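J.: Pasting in a structure now, in structure tokens, and then I'll have a few things to ask.
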Amino acid sequence: MNIKLLKLLIVVLGVFQFALVSCSKDESIPEEPVVVKPEEPIGPTKPVTGVPKSELMKPAIKNISTSAKTSKGSEAPKRVVRSIRYAQNYMGKIYEYKLNGMDVNTYRALPSENLFDIAETELNKDTERDYTVNYKYNDLGQLINIAAGTVYTNNGHTNYPEEFTFTYDTNGALKEMISSYAFGTYNYNSKGLIDKKIEKDGFVSYEYVYDDLDRIQSVYSYMMTPQGRQPQMHFTYIYLDDTTYVKNWFSINQTDLTETLSGYITYTFDPAKAGVYNKEPYYRTDNQYLHVVKMNSQILYYGVWQLQFESVPKYFYDADGYLIKFDSAGFNYTQDITVFEYE
């Protein structure tokens with residue numbers, strides 16, 4: 001009886017040992033997982049619905065980056081790396097507005113700020129476009145180059161956009177902005193504002209004047225004539241209040257240099273919101289940094305003032321406040337629809 005029990009015990013121990021060996025070969029015993037408690041987010045949280053608050057809105061294009069100074073636990077700001085420009089109206093073919101199935105008139109009636117509809121990403125794949133532009137940065141996060149990536153010819157345009165190169169001094173301030181297409185370089189005043197555009201041959205083609213608040217006030221464009229260098233057009237900027245300014249353009253008689261008001265555009269803007277460009281000195285040449293909410297254009301036609309167009313620009317943001325799409329007017333008279341992509 002004892003012998004039988006002994007044999008049974010040996011069999012049981014053998015089976016148990018085999019099971020242990022099988023487990024060690026087939027299934028390794030997992031280590032106890034390390035639990036990492038996520039850090040609390042710093043700064044404002046994402047809006048759940050609706051357009052981001054104005055303090056969250058960010059310009060797409062800026063030269064000075066603050067990514068190196070982000071607080072611990074906060075996410076570094078994204079940088080735009082590519083933009084795509086679409087032809088809004090070419091040969092009667094109008095850019096399609098299909099946000100959530102809306103028609104053109106519904107689109108034009110939208111307010112200035114909107115959330116970007118991801119469905120439009122698919123639409124834009126088949127929409128005619130002008131060109132793509134690539135943006136490059138140095139190790140400090142400063143924008144150093146804006147250049148065309150692809151130029152499309154399906155809309156009949158083959159002109160390449162200008163390429164811009166930026167250099168900085170040892171303090172991180174902009175030192176030079178060079179264009180490789182139309183202009184040779186730019187000249188700056190003591191405040192870092194552009195005061196001249198200079199052609200590659202040294203010809204000064206534009207001159208800029210600013211007021212005491214560093215707002216663009218007057219612009220002259222020049223051309224070479226048999227009489228020498230003479231102004232061709234004159235633009236003035238009149239600021240009615242903190243949210244409205246008027247841009248006038250004067251044609252110049254080349255014989256006696258008298259000026260005639262040919263047209264003007266009244267801009268209404270929101271100073272609390274970001275525009276396409278950052279609020280840096282070199283983007284003040286045509287108030288590119290402002291967030292425009294309405295435009296009204298009047299032209300002098302055979303001695304009578306007529307409405308050319310009235311429109312509401314469209315700014316489309318994601319929930320984090322990044323500008324994803326900009327339509328300068330949402331109207332047939334312009335061809336400026338740009339979609340921005342970030343890294």
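Residue numbering restarts at 1 for every chain of the structure tokens, chains are lettered A, B, ... in their displayed order, and ligands are numbered from 1 as they appear.
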Running DSSP on the backbone, which parts of segment 98-183 of chain A land in strand (DSSP E or B), as number ranges by chain?

T.: A: 113-115, 129-137, 143-151, 164-168, 174-179

J.: For atom CA of Val293 of chain A and atom CA of Val80 of chain A, quote the distance in Å rounded to one decimal.

T.: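 Value for the atom CA of Val293 of chain A-atom CA of Val80 of chain A distance: 22.8 Å.
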
J.: Go ahead and compute the interatomic distance for atom CA of Asp256 of chain A and atom CA of Val304 of chain A, in Å to one decimal.

T.: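 Atom CA of Asp256 of chain A sits 23.8 Å away from atom CA of Val304 of chain A.
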
J.: Give me, as a Markdown table, each residue of segment 220-307 of chain A that comes within 10 Å of segment 171-191 of chain A, together with its shortest interatomic pair and the distance in Å at one decimal, counting only C-alpha atoms, with rows ordered by chain and rising residue number.

T.:
```
| residue | atom | partner | partner_atom | distance |
| --- | --- | --- | --- | --- |
| A:Glu280 | CA | A:Leu174 | CA | 10.0 |
| A:Pro281 | CA | A:Lys191 | CA | 7.9 |
| A:Tyr282 | CA | A:Tyr188 | CA | 8.7 |
```

J.: Find the residues around segment 238-249 of chain A up to 8 Å (only C-alpha atoms counted), leave out those fewer than 4 positions away in its own chain, and share them as an NGL selection string.

T.: :A and (217 or 233-234 or 261-271)

J.: At a cut-off of 10 Å, using only C-alpha atoms, what residues contact Tyr289 of chain A? Leave out same-chain residues fewer than 6 positions from it and give the result as a compact mmCIF listing (two decimals) with C-alpha atoms, in the first residue's frame.

T.:
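Writing the result to result.txt gives the following:
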```
# COMPACT_ATOMS: atom_id res chain seq x y z
CA PRO A 59 -1.07 83.27 -36.34
CA ILE A 61 3.28 82.48 -39.97
CA LYS A 62 5.73 83.90 -37.46
CA PRO A 271 -7.28 93.81 -32.53
CA LYS A 273 -7.42 88.21 -32.46
CA ALA A 274 -4.49 86.88 -34.44
CA GLY A 275 -4.23 87.26 -38.20
CA VAL A 276 -2.41 85.09 -40.72
CA TYR A 277 0.96 86.65 -39.78
CA ASN A 278 2.45 87.41 -36.41
CA LYS A 279 2.58 90.95 -34.99
CA GLU A 280 6.20 91.46 -36.03
CA PRO A 281 7.56 94.67 -37.63
CA TYR A 282 8.15 93.23 -41.09
CA TYR A 283 4.51 92.14 -41.42
```

J.: Check the smallest atom-to-atom distance from each of A:Ser251, A:Asp320, A:Val339, A:Thr121 to Val81 of chain A using only C-alpha atoms, then report the winner.

T.: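 The answer is A:Val339, which sits nearest to Val81 of chain A.
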
J.: Mind pulling up the distance from atom CA of Lys136 of chain A to atom CA of Ile194 of chain A?

T.: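 Distance reported for this atom pair: 22.1 Å.
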
J.: Given the choices A:Val312, A:Leu307, A:Tyr210, A:Pro77, which gets closest to Leu56 of chain A if the distance is worked out from only C-alpha atoms?

T.: A:Pro77

J.: Using only C-alpha atoms, which of the listed residues (A:Tyr206, A:Tyr322, A:Tyr315, A:Phe340) sits closest to Leu110 of chain A?

T.: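 Looking at the shortest contact to Leu110 of chain A, the residue is A:Tyr315.
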
J.: Which polymer residues have any atom within 9 Å of an atom of Pro161 of chain A, counting only C-alpha atoms, with same-chain residues fewer than 3 positions away left out, as a ChimeraX atom specification?

T.: /A:131,133,147-148,151,181

J.: Pull N, CA and C atoms from the residues just selected and write them as a compact mmCIF listing (two decimals), in the first residue's frame.

T.:
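Contents of the output file part09.txt:
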```
# COMPACT_ATOMS: atom_id res chain seq x y z
N TYR A 131 -0.27 76.78 -55.87
CA TYR A 131 1.05 76.29 -55.50
C TYR A 131 1.07 75.90 -54.02
N VAL A 133 3.71 75.96 -50.58
CA VAL A 133 4.87 76.68 -50.05
C VAL A 133 5.38 75.93 -48.83
N ALA A 147 9.58 79.06 -49.31
CA ALA A 147 9.84 78.81 -50.73
C ALA A 147 8.79 77.88 -51.32
N ALA A 148 8.55 78.02 -52.61
CA ALA A 148 7.58 77.18 -53.30
C ALA A 148 8.04 75.74 -53.31
N VAL A 151 4.45 73.98 -57.93
CA VAL A 151 3.65 74.98 -58.64
C VAL A 151 2.77 74.24 -59.63
N TYR A 181 12.97 86.50 -55.88
CA TYR A 181 12.17 86.55 -57.09
C TYR A 181 12.03 87.97 -57.63
```
